[in-house]
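Heads up, work_7.txt below (compact mmCIF, C-alpha atoms and all ligand atoms):
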# COMPACT_ATOMS: atom_id res chain seq x y z
CA MET G 10 27.52 10.20 0.72
CA MET G 11 25.18 7.47 -0.31
CA GLY G 12 26.88 4.43 -1.80
CA ALA G 13 25.81 1.51 -3.91
CA PRO G 14 23.61 -1.13 -2.33
CA LEU G 15 25.48 -3.68 -0.25
CA PRO G 16 24.96 -7.41 -0.71
CA SER G 17 22.39 -8.19 1.96
CA ALA G 18 20.89 -11.09 3.80
CA TRP G 19 17.57 -10.90 1.96
CA GLU G 20 19.18 -11.46 -1.44
CA SER G 21 19.49 -15.19 -0.83
CA LEU G 22 16.04 -15.65 0.69
CA PRO G 23 12.97 -16.99 -1.12
CA ALA G 24 10.34 -14.55 -2.38
CA GLU G 25 6.78 -15.05 -3.65
CA GLN G 26 5.10 -13.22 -6.54
CA GLN G 27 8.24 -12.24 -8.47
CA PRO G 28 8.12 -11.71 -12.26
CA GLU G 29 9.85 -14.36 -14.34
CA TRP G 30 12.12 -12.11 -16.34
CA ASP G 31 15.71 -12.94 -15.39
CA ALA G 32 16.36 -14.33 -18.89
CA HIS G 33 15.09 -11.17 -20.62
CA PRO G 34 17.90 -9.53 -22.65
CA ALA G 35 17.30 -6.14 -20.94
CA HIS G 36 17.27 -7.48 -17.36
CA ALA G 37 20.87 -6.69 -16.42
CA ALA G 38 20.76 -3.24 -18.02
CA ALA G 39 17.53 -2.34 -16.23
CA LEU G 40 19.00 -3.37 -12.88
CA GLY G 41 22.14 -1.36 -13.60
CA ARG G 42 20.07 1.69 -14.47
CA LEU G 43 18.20 1.52 -11.15
CA ARG G 44 21.33 0.94 -9.12
CA GLY G 45 22.91 4.02 -10.62
CA ALA G 46 19.85 6.23 -10.20
CA ALA G 47 19.23 8.89 -7.57
CA PRO G 48 16.87 7.73 -4.81
CA LEU G 49 13.33 9.05 -5.29
CA VAL G 50 12.94 10.11 -1.65
CA THR G 51 15.34 11.62 0.87
CA HIS G 52 16.40 10.76 4.41
CA THR G 53 14.90 14.06 5.59
CA GLU G 54 11.51 13.34 4.02
CA VAL G 55 11.42 9.86 5.47
CA ALA G 56 12.36 11.22 8.92
CA THR G 57 9.59 13.84 8.69
CA LEU G 58 7.04 11.19 7.82
CA GLY G 59 8.37 9.10 10.71
CA TRP G 60 7.71 12.04 13.03
CA GLY G 61 4.11 12.25 11.78
CA LEU G 62 3.57 8.52 12.18
CA ALA G 63 4.95 8.69 15.72
CA LYS G 64 2.25 11.27 16.48
CA VAL G 65 -0.37 8.88 15.10
CA ALA G 66 1.05 6.00 17.17
CA ARG G 67 0.89 8.17 20.31
CA GLY G 68 -2.73 9.08 19.70
CA GLN G 69 -2.06 12.70 18.71
CA ALA G 70 -3.03 12.46 15.02
CA ARG G 71 -4.84 10.25 12.49
CA LEU G 72 -3.97 8.95 9.07
CA VAL G 73 -5.64 8.36 5.72
CA GLN G 74 -3.77 6.13 3.28
CA ALA G 75 -5.63 5.94 -0.01
CA GLY G 76 -5.35 5.65 -3.77
CA ASP G 77 -5.52 3.23 -6.65
CA CYS G 78 -5.21 -0.51 -6.27
CA ALA G 79 -2.89 -0.42 -9.27
CA GLU G 80 -1.57 2.86 -10.67
CA SER G 81 -1.31 3.36 -14.41
CA PHE G 82 1.80 4.65 -16.19
CA TYR G 83 -0.57 6.76 -18.26
CA GLU G 84 -1.69 8.70 -15.18
CA SER G 85 1.60 10.23 -14.05
CA GLY G 86 0.95 13.67 -15.55
CA ALA G 87 0.29 16.76 -13.45
CA GLY G 88 -3.48 16.75 -14.00
CA HIS G 89 -3.89 13.21 -12.74
CA THR G 90 -1.61 13.79 -9.75
CA ALA G 91 -3.51 16.94 -8.80
CA ALA G 92 -6.82 15.06 -8.95
CA LYS G 93 -5.48 12.17 -6.86
CA ALA G 94 -3.90 14.46 -4.28
CA SER G 95 -7.12 16.51 -4.06
CA ALA G 96 -9.11 13.32 -3.44
CA LEU G 97 -6.71 12.43 -0.63
CA ASP G 98 -7.04 15.96 0.77
CA ALA G 99 -10.82 15.70 0.76
CA LEU G 100 -10.76 12.41 2.69
CA ALA G 101 -8.17 13.64 5.18
CA ASP G 102 -10.12 16.86 5.74
CA ARG G 103 -13.23 14.78 6.35
CA MET G 104 -11.36 12.64 8.88
CA ALA G 105 -10.02 15.81 10.54
CA ALA G 106 -13.52 17.25 10.80
CA ARG G 107 -14.86 14.03 12.35
CA THR G 108 -12.00 13.48 14.83
CA GLY G 109 -10.80 17.01 15.56
CA GLN G 110 -7.22 15.80 15.03
CA TRP G 111 -4.47 16.42 12.54
CA VAL G 112 -4.54 13.91 9.71
CA LEU G 113 -1.49 12.54 7.94
CA ARG G 114 -2.06 12.00 4.21
CA ILE G 115 -0.38 9.08 2.46
CA GLY G 116 -1.23 8.18 -1.14
CA ARG G 117 -1.05 4.76 -2.70
CA ILE G 118 0.86 6.68 -5.33
CA ALA G 119 4.18 7.21 -7.14
CA GLY G 120 5.17 3.56 -7.25
CA GLN G 121 2.03 1.42 -6.78
CA TYR G 122 2.81 -0.35 -10.04
CA ALA G 123 3.17 -4.01 -9.03
CA LYS G 124 0.40 -6.42 -8.06
CA PRO G 125 0.48 -9.76 -6.26
CA ARG G 126 -2.14 -12.06 -7.74
CA SER G 127 -4.17 -15.04 -6.55
CA ALA G 128 -3.50 -17.08 -9.70
CA PRO G 129 -0.66 -16.91 -12.27
CA VAL G 130 -2.96 -17.19 -15.31
CA GLU G 131 -6.46 -16.22 -16.36
CA THR G 132 -8.69 -17.20 -19.26
CA VAL G 133 -10.02 -14.37 -21.44
CA ASP G 134 -12.43 -15.27 -24.26
CA GLY G 135 -11.23 -18.86 -24.17
CA VAL G 136 -7.51 -17.95 -24.25
CA THR G 137 -5.34 -18.64 -21.22
CA LEU G 138 -2.88 -15.80 -20.53
CA PRO G 139 -0.46 -14.82 -17.77
CA VAL G 140 -2.24 -12.42 -15.39
CA PHE G 141 -1.66 -8.67 -15.37
CA ARG G 142 0.82 -7.89 -12.58
CA GLY G 143 0.93 -4.10 -12.69
CA HIS G 144 2.56 -1.70 -15.12
CA MET G 145 5.98 -2.31 -13.56
CA VAL G 146 5.77 -5.88 -14.90
CA ASN G 147 3.41 -6.15 -17.89
CA LEU G 148 0.37 -4.62 -19.56
CA GLU G 149 -3.32 -5.22 -18.85
CA THR G 150 -4.30 -5.75 -22.51
CA ALA G 151 -5.44 -9.33 -23.10
CA SER G 152 -2.71 -10.62 -25.42
CA GLU G 153 0.28 -12.89 -25.01
CA LEU G 154 2.68 -10.09 -26.00
CA ALA G 155 1.19 -7.54 -23.59
CA ARG G 156 1.33 -9.95 -20.67
CA ARG G 157 5.00 -10.83 -21.18
CA PRO G 158 7.02 -9.44 -18.23
CA ASP G 159 9.48 -6.76 -19.34
CA PRO G 160 12.18 -5.57 -16.88
CA ARG G 161 12.50 -2.24 -18.70
CA ARG G 162 9.16 -1.44 -17.09
CA MET G 163 11.04 -0.97 -13.80
CA VAL G 164 12.90 1.94 -15.35
CA TRP G 165 9.62 3.39 -16.64
CA ALA G 166 8.15 2.98 -13.14
CA TYR G 167 11.09 4.94 -11.76
CA HIS G 168 10.50 7.79 -14.24
CA ALA G 169 6.73 7.88 -13.72
CA SER G 170 7.27 7.96 -9.95
CA THR G 171 9.81 10.78 -10.31
CA GLU G 172 7.26 12.90 -12.15
CA ILE G 173 4.55 12.30 -9.54
CA LEU G 174 6.86 12.84 -6.58
CA ARG G 175 7.86 16.24 -7.96
CA ASP G 176 4.23 17.31 -7.84
CA LEU G 177 3.64 15.83 -4.38
CA ARG G 178 6.71 17.67 -3.06
CA ALA G 179 5.35 20.96 -4.38
CA ARG G 180 2.01 20.29 -2.67
CA ARG G 181 3.72 19.53 0.64
CA LEU G 182 5.58 22.83 0.46
CA ALA G 183 2.40 24.71 -0.37
CA ALA G 184 0.44 23.16 2.51
CA ALA G 185 2.96 23.31 5.36
CA ASP G 186 0.56 24.69 7.83
CA GLY G 187 -2.79 24.05 9.42
CA GLY G 188 -2.27 20.42 10.33
CA ARG G 189 -2.30 19.19 6.72
CA LEU G 190 0.50 16.65 6.91
CA GLY G 191 1.78 15.24 3.63
CA PRO G 192 1.00 14.12 0.98
CA TRP G 193 3.54 11.29 1.18
CA SER G 194 4.00 8.39 -1.21
CA SER G 195 3.54 4.70 -0.45
CA HIS G 196 3.31 1.42 -2.30
CA GLU G 197 3.57 -2.31 -1.77
CA ALA G 198 7.26 -3.20 -1.92
CA LEU G 199 6.74 -6.26 -4.09
CA VAL G 200 9.18 -6.54 -7.00
CA LEU G 201 12.52 -7.15 -5.32
CA ASP G 202 14.60 -6.28 -8.39
CA TYR G 203 13.09 -2.78 -8.27
CA GLU G 204 13.10 -2.24 -4.52
CA ALA G 205 16.58 -3.67 -3.99
CA GLY G 206 17.89 -1.60 -6.89
CA LEU G 207 16.80 1.54 -5.04
CA VAL G 208 18.21 0.74 -1.58
CA ARG G 209 20.92 3.24 -0.68
CA HIS G 210 23.29 2.74 2.21
CA ASP G 211 24.30 5.78 4.17
CA PRO G 212 27.39 5.05 6.28
CA ALA G 213 26.92 8.30 8.23
CA ALA G 214 23.37 7.38 9.24
CA GLY G 215 24.39 3.74 9.71
CA ARG G 216 21.23 2.54 8.01
CA SER G 217 19.84 2.07 4.56
CA LEU G 218 17.18 4.13 2.86
CA LEU G 219 14.63 2.46 0.61
CA GLY G 220 14.79 5.07 -2.12
CA SER G 221 11.65 3.95 -3.99
CA THR G 222 9.01 5.49 -1.68
CA HIS G 223 8.45 7.16 1.66
CA PHE G 224 6.34 4.40 3.15
CA PRO G 225 6.68 0.85 1.77
CA TRP G 226 4.41 -1.93 2.95
CA ILE G 227 4.57 -5.72 2.78
CA GLY G 228 1.53 -7.42 1.27
CA GLU G 229 -0.49 -10.24 2.75
CA ARG G 230 0.93 -12.67 0.17
CA THR G 231 4.62 -11.87 0.80
CA ARG G 232 4.89 -11.46 4.58
CA GLN G 233 6.43 -14.89 5.27
CA LEU G 234 8.84 -14.47 8.19
CA ASP G 235 11.81 -16.21 6.61
CA HIS G 236 11.37 -14.66 3.15
CA ALA G 237 13.03 -11.73 1.46
CA HIS G 238 10.34 -9.04 1.74
CA VAL G 239 10.35 -9.01 5.53
CA ALA G 240 14.15 -9.05 5.67
CA LEU G 241 14.41 -6.21 3.15
CA LEU G 242 12.00 -3.88 4.96
CA ALA G 243 13.55 -4.81 8.32
CA SER G 244 16.85 -3.47 6.99
CA VAL G 245 15.71 0.04 5.96
CA ARG G 246 15.07 3.13 8.02
CA ASN G 247 11.79 4.14 6.31
CA PRO G 248 8.65 3.66 8.37
CA VAL G 249 7.08 0.43 7.13
CA GLY G 250 3.66 -1.19 6.94
CA CYS G 251 2.60 -4.80 6.96
CA LYS G 252 -0.76 -6.21 5.89
CA ILE G 253 -2.31 -8.63 8.35
CA GLY G 254 -5.01 -11.04 7.19
CA PRO G 255 -7.32 -13.39 9.09
CA SER G 256 -5.03 -16.44 8.90
CA THR G 257 -2.31 -14.64 10.91
CA THR G 258 -1.70 -16.17 14.34
CA PRO G 259 -0.62 -14.12 17.38
CA ASP G 260 2.73 -15.91 17.27
CA ILE G 261 3.37 -15.00 13.63
CA LEU G 262 2.29 -11.42 14.27
CA LEU G 263 4.65 -11.07 17.21
CA ARG G 264 7.52 -12.41 15.16
CA LEU G 265 6.71 -9.92 12.40
CA CYS G 266 6.66 -7.11 14.96
CA ALA G 267 9.98 -8.28 16.40
CA ALA G 268 11.53 -8.32 12.91
CA LEU G 269 10.12 -5.00 11.72
CA ASP G 270 10.08 -3.03 14.98
CA PRO G 271 12.82 -4.56 17.16
CA ASP G 272 13.48 -1.30 19.03
CA ARG G 273 9.80 -0.51 19.73
CA VAL G 274 9.90 2.90 18.06
CA PRO G 275 6.52 4.70 17.92
CA GLY G 276 5.35 4.87 14.29
CA ARG G 277 8.10 2.69 12.85
CA LEU G 278 5.58 -0.06 12.08
CA SER G 279 2.01 0.27 10.86
CA LEU G 280 -0.11 -2.85 11.04
CA ILE G 281 -2.73 -2.78 8.29
CA PHE G 282 -5.46 -5.25 9.22
CA ARG G 283 -7.55 -6.63 6.32
CA MET G 284 -9.60 -9.32 7.94
CA GLY G 285 -12.97 -9.36 6.17
CA ARG G 286 -16.32 -8.52 7.67
CA GLY G 287 -17.02 -12.13 8.58
CA ALA G 288 -13.67 -12.79 10.29
CA VAL G 289 -12.80 -9.54 12.05
CA ALA G 290 -14.78 -9.99 15.29
CA GLU G 291 -13.21 -13.34 16.08
CA ALA G 292 -9.74 -13.03 14.54
CA LEU G 293 -8.77 -9.49 15.56
CA PRO G 294 -8.97 -9.45 19.41
CA PRO G 295 -6.22 -12.04 20.08
CA LEU G 296 -3.94 -10.28 17.59
CA VAL G 297 -4.48 -6.89 19.22
CA ARG G 298 -3.92 -8.35 22.70
CA ALA G 299 -0.64 -9.95 21.60
CA VAL G 300 0.80 -6.74 20.12
CA VAL G 301 -0.33 -4.66 23.10
CA SER G 302 1.21 -7.00 25.64
CA ALA G 303 4.48 -7.16 23.71
CA GLY G 304 4.64 -3.36 23.87
CA HIS G 305 5.03 -2.50 20.19
CA PRO G 306 3.87 1.13 19.70
CA VAL G 307 2.40 0.46 16.26
CA VAL G 308 0.02 2.50 14.12
CA TRP G 309 -3.28 0.61 14.01
CA LEU G 310 -4.84 0.81 10.54
CA SER G 311 -7.95 -0.79 9.09
CA ASP G 312 -7.98 -1.86 5.43
CA PRO G 313 -11.62 -2.88 4.97
CA MET G 314 -11.14 -3.45 1.22
CA HIS G 315 -9.06 -6.60 0.78
CA GLY G 316 -11.00 -9.00 2.98
CA ASN G 317 -14.29 -8.02 1.36
CA THR G 318 -13.81 -8.53 -2.38
CA ARG G 319 -16.62 -10.43 -4.15
CA ARG G 320 -17.45 -11.41 -7.71
CA ALA G 321 -20.60 -9.78 -9.04
CA ALA G 322 -22.99 -11.81 -11.18
CA GLY G 323 -21.34 -10.57 -14.41
CA GLY G 324 -17.87 -11.66 -13.19
CA LEU G 325 -16.47 -8.25 -12.19
CA LYS G 326 -14.83 -7.89 -8.77
CA THR G 327 -16.73 -5.60 -6.44
CA ARG G 328 -17.12 -4.64 -2.78
CA TYR G 329 -20.21 -3.62 -0.83
CA LEU G 330 -19.86 -0.41 1.14
CA ALA G 331 -21.94 -1.96 3.94
CA ASP G 332 -19.28 -4.70 4.40
CA LEU G 333 -16.47 -2.14 4.52
CA ILE G 334 -18.28 -0.04 7.10
CA ALA G 335 -19.05 -3.09 9.24
CA GLU G 336 -15.42 -4.28 9.23
CA SER G 337 -13.89 -0.90 10.08
CA ARG G 338 -16.45 -0.22 12.81
CA GLU G 339 -15.66 -3.54 14.43
CA PHE G 340 -11.93 -2.82 14.06
CA ARG G 341 -12.40 0.46 15.89
CA ARG G 342 -14.40 -1.20 18.66
CA VAL G 343 -11.77 -3.90 19.25
CA VAL G 344 -8.75 -1.58 19.15
CA GLU G 345 -10.33 1.01 21.43
CA ARG G 346 -11.50 -1.65 23.87
CA ALA G 347 -7.83 -2.63 24.15
CA GLY G 348 -7.09 0.98 25.08
CA ARG G 349 -5.35 1.82 21.82
CA HIS G 350 -5.79 4.68 19.35
CA VAL G 351 -7.15 3.85 15.90
CA GLY G 352 -4.65 5.39 13.49
CA GLY G 353 -7.00 5.47 10.53
CA LEU G 354 -7.93 3.82 7.28
CA HIS G 355 -6.17 2.25 4.30
CA LEU G 356 -8.46 2.53 1.27
CA GLU G 357 -8.60 1.97 -2.47
CA VAL G 358 -10.17 5.13 -3.86
CA ALA G 359 -10.45 6.56 -7.39
CA ALA G 360 -10.08 10.28 -7.99
CA GLU G 361 -12.54 10.13 -10.88
CA ARG G 362 -16.14 8.98 -10.97
CA VAL G 363 -16.20 5.19 -11.20
CA THR G 364 -18.71 2.39 -10.68
CA GLU G 365 -16.59 -0.30 -9.04
CA CYS G 366 -17.81 -0.66 -5.43
CA VAL G 367 -21.53 -0.58 -4.69
CA GLY G 368 -23.72 0.17 -1.72
CA ARG G 369 -25.37 -3.25 -1.75
CA PRO G 370 -26.01 -6.27 -4.05
CA GLU G 371 -29.03 -4.74 -5.83
CA GLU G 372 -26.79 -2.03 -7.29
CA GLU G 373 -24.45 -4.48 -9.04
CA ASN G 374 -26.02 -4.02 -12.47
CA ALA G 375 -24.56 -0.47 -12.58
CA LEU G 376 -20.98 -1.79 -12.37
CA THR G 377 -20.25 -1.87 -16.11
CA GLU G 378 -21.03 1.84 -16.52
CA ARG G 379 -17.57 3.16 -15.49
CA TYR G 380 -15.47 0.23 -14.30
CA LEU G 381 -11.96 1.56 -14.95
CA SER G 382 -9.77 -0.13 -12.33
CA LEU G 383 -6.66 -2.00 -13.48
CA CYS G 384 -7.06 -4.44 -10.60
CA ASP G 385 -9.34 -4.16 -7.54
CA PRO G 386 -12.61 -2.15 -7.30
CA ARG G 387 -12.15 1.32 -5.81
CA LEU G 388 -14.46 3.55 -3.84
CA THR G 389 -15.44 6.95 -5.15
CA VAL G 390 -14.52 9.91 -2.96
CA GLU G 391 -18.19 10.14 -1.97
CA GLN G 392 -18.34 6.48 -0.92
CA ALA G 393 -15.07 6.80 1.01
CA SER G 394 -16.42 9.91 2.76
CA GLU G 395 -19.52 7.97 3.75
CA LEU G 396 -17.26 5.26 5.16
CA ILE G 397 -15.27 7.79 7.19
CA ASP G 398 -18.48 9.32 8.54
CA ALA G 399 -19.78 5.91 9.54
CA VAL G 400 -16.60 4.85 11.32
CA PHE G 401 -15.37 8.08 13.02
O1 LIG J 1 -4.70 -5.71 -4.66
C1 LIG J 1 -4.63 -6.81 -4.14
C2 LIG J 1 -4.34 -7.99 -4.94
O2 LIG J 1 -3.36 -7.75 -5.88
C3 LIG J 1 -5.59 -8.34 -5.62
O3 LIG J 1 -6.64 -8.33 -4.70
C4 LIG J 1 -5.42 -9.70 -6.21
O4 LIG J 1 -6.46 -9.88 -7.03
P1 LIG J 1 -6.80 -11.28 -7.68
O5 LIG J 1 -7.40 -12.11 -6.60
O6 LIG J 1 -7.76 -10.92 -8.77
O7 LIG J 1 -5.52 -11.85 -8.19
C1 LIG J 2 -2.43 -6.42 -2.55
C2 LIG J 2 -3.05 -5.65 -1.68
O1 LIG J 2 -3.53 -6.04 -0.49
P1 LIG J 2 -3.27 -7.35 0.36
O2 LIG J 2 -1.78 -7.60 0.36
O3 LIG J 2 -3.78 -6.95 1.70
O4 LIG J 2 -4.05 -8.43 -0.27
C3 LIG J 2 -3.29 -4.21 -1.93
O5 LIG J 2 -3.29 -3.43 -0.97
O6 LIG J 2 -3.55 -3.84 -3.08
MN MN J 3 -5.95 -4.06 -4.10
Starting from the coordinates I provided, produce the structure as structure tokens.
Amino acid sequence: MMGAPLPSAWESLPAEQQPEWDAHPAHAAALGRLRGAAPLVTHTEVATLGWGLAKVARGQARLVQAGDCAESFYESGAGHTAAKASALDALADRMAARTGQWVLRIGRIAGQYAKPRSAPVETVDGVTLPVFRGHMVNLETASELARRPDPRRMVWAYHASTEILRDLRARRLAAADGGRLGPWSSHEALVLDYEAGLVRHDPAAGRSLLGSTHFPWIGERTRQLDHAHVALLASVRNPVGCKIGPSTTPDILLRLCAALDPDRVPGRLSLIFRMGRGAVAEALPPLVRAVVSAGHPVVWLSDPMHGNTRRAAGGLKTRYLADLIAESREFRRVVERAGRHVGGLHLEVAAERVTECVGRPEEENALTERYLSLCDPRLTVEQASELIDAVF
């Protein structure tokens, strides 16, 4: 039997990037609704994914983790999920063809509704507004009302995720052969009210399940060692990821590994490096050496997106495919030189045709054509395929 969440160490710890909504009249009711809800994923599913990730950690498989930067509540219907899962299939099949290995498929999907931001406010047409923080928190429309955080959105995120996970489960059952592993769900475990509300303790298993997703990760902005996000993910049995940016020192990284993978279990921890093209060659080698010598059997992933975001002349965020290719190639070189297996790629990819990332600066004037992202610029499936071909 799974019981209610227990009071836990992380509840009293500080946390960055949390919505200011405790005084909202619906806050307590929304938390109660989540605490009484069925978990969205099961122990068995999480264990199966853990088995796949262990294969990746041991060098017997690869992984593609891809999807939107920020999912939309309006894209939880079957048609959207089918398109997103097909895009993930296409990229994983491409990776399989290049590497000759099985490829685990993990979407940034069914819960990727909360965004950490660089600044708390932005100015739109001369009006200063709170920033959009993902559909779990507020709405992207540029008005004071839309940007007000609303805790009922957590309940809507739960329902949207439920709908998507039903479709993903059906696809997993239909594709249980031929090395097509997944598709599994993942998102950044950011909003603690939501994530904590979906932790379920299982006395029989002796550990807690994070019921919000198969594979939660900690973002670059919330991976402080003595803060709540690290403590929360350290306490659950799901495989977990952690973003690692260029300011990370070997000492910090080793302490993160010790917290998140104390028992050195293959596949328990995925390190998702997002260094930036300019920083990767210098910053990555000491980090890789530290993890290797400490003996953590991690999954080594390259996120070439988040260290390579630029502002185009018109103000839109973009990324150049050439930068992404350069970073992931260098990542592969460094990891393989250390005698380790590159697990794969973590990408922001749109299922539909968009103009958000470009090949090079001269193409920036095409950005406004179909710039649909709610947050960061995504690759098209074609651009992501080109990246895979260039790196593997
Ligand atoms: O997806 C990652 C972050 O949420 C995003 O890059 C932050 O974007 P910002 O710098 O526009 O706040
Ligand atoms: C917020 C994200 O990345 P990072 O934490 O690496 O900046 C993200 O993956 O959307
Ligand atoms: Mn992003």
Proximity to Gly41 (chain G) - best of G:Met163, G:Val307, G:Ala299, G:Ala75, only C-alpha atoms: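 Ranked by minimum distance to Gly41 (chain G), first place goes to G:Met163.
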Within 9 Å of ligand LIG 2 (chain J) (all atoms listed in the file), residues as a ChimeraX atom specification: /G:77-79,117,121,123-126,196-197,226-232,251-254,281-284,312,314-316,355-357,384-385
Can you tell me which residues surround Phe141 (chain G) at a distance of at most 10 Å, considering all atoms listed in the file, apart from same-chain residues fewer than 6 positions away, and format the answer as a list in words? Ala123, Lys124, Pro125, Arg126, Pro129, Val130, Glu131, Asn147, Leu148, Glu149, Thr150, Ala151, Ala155, Arg156, Arg157, Pro158, Leu383 and Cys384 of chain G
With all atoms listed in the file as the atoms that count, which of G:Thr132, G:Gln74, G:Thr90, G:Ser217 lies nearest to Gly191 (chain G)? G:Gln74
Size and centre in Å, one decimal, axis-aligned box, all listed ligand LIG 1 (chain J) atoms plus 8 Å per side, as lines of an AutoDock Vina configuration file:
center_x = -5.6
center_y = -8.9
center_z = -6.5
size_x = 20.4
size_y = 22.4
size_z = 20.6
Long-range neighbours of Leu325 (chain G) as a list in words, 12 Å cut-off, all atoms listed in the file, 2 positions minimum in chain: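 Using all atoms listed in the file, the neighbours found are Thr318, Arg319, Arg320, Ala321, Ala322, Gly323, Thr327, Arg328, Thr364, Glu365, Cys366, Val367, Glu373, Asn374, Ala375, Leu376, Thr377, Glu378, Arg379, Tyr380, Leu381, Ser382, Leu383, Cys384, Asp385 and Pro386 of chain G.
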If I take CA of Pro248 (chain G) and CA of Ala56 (chain G), how far is one from the other in Å, to one decimal? 8.4 Å
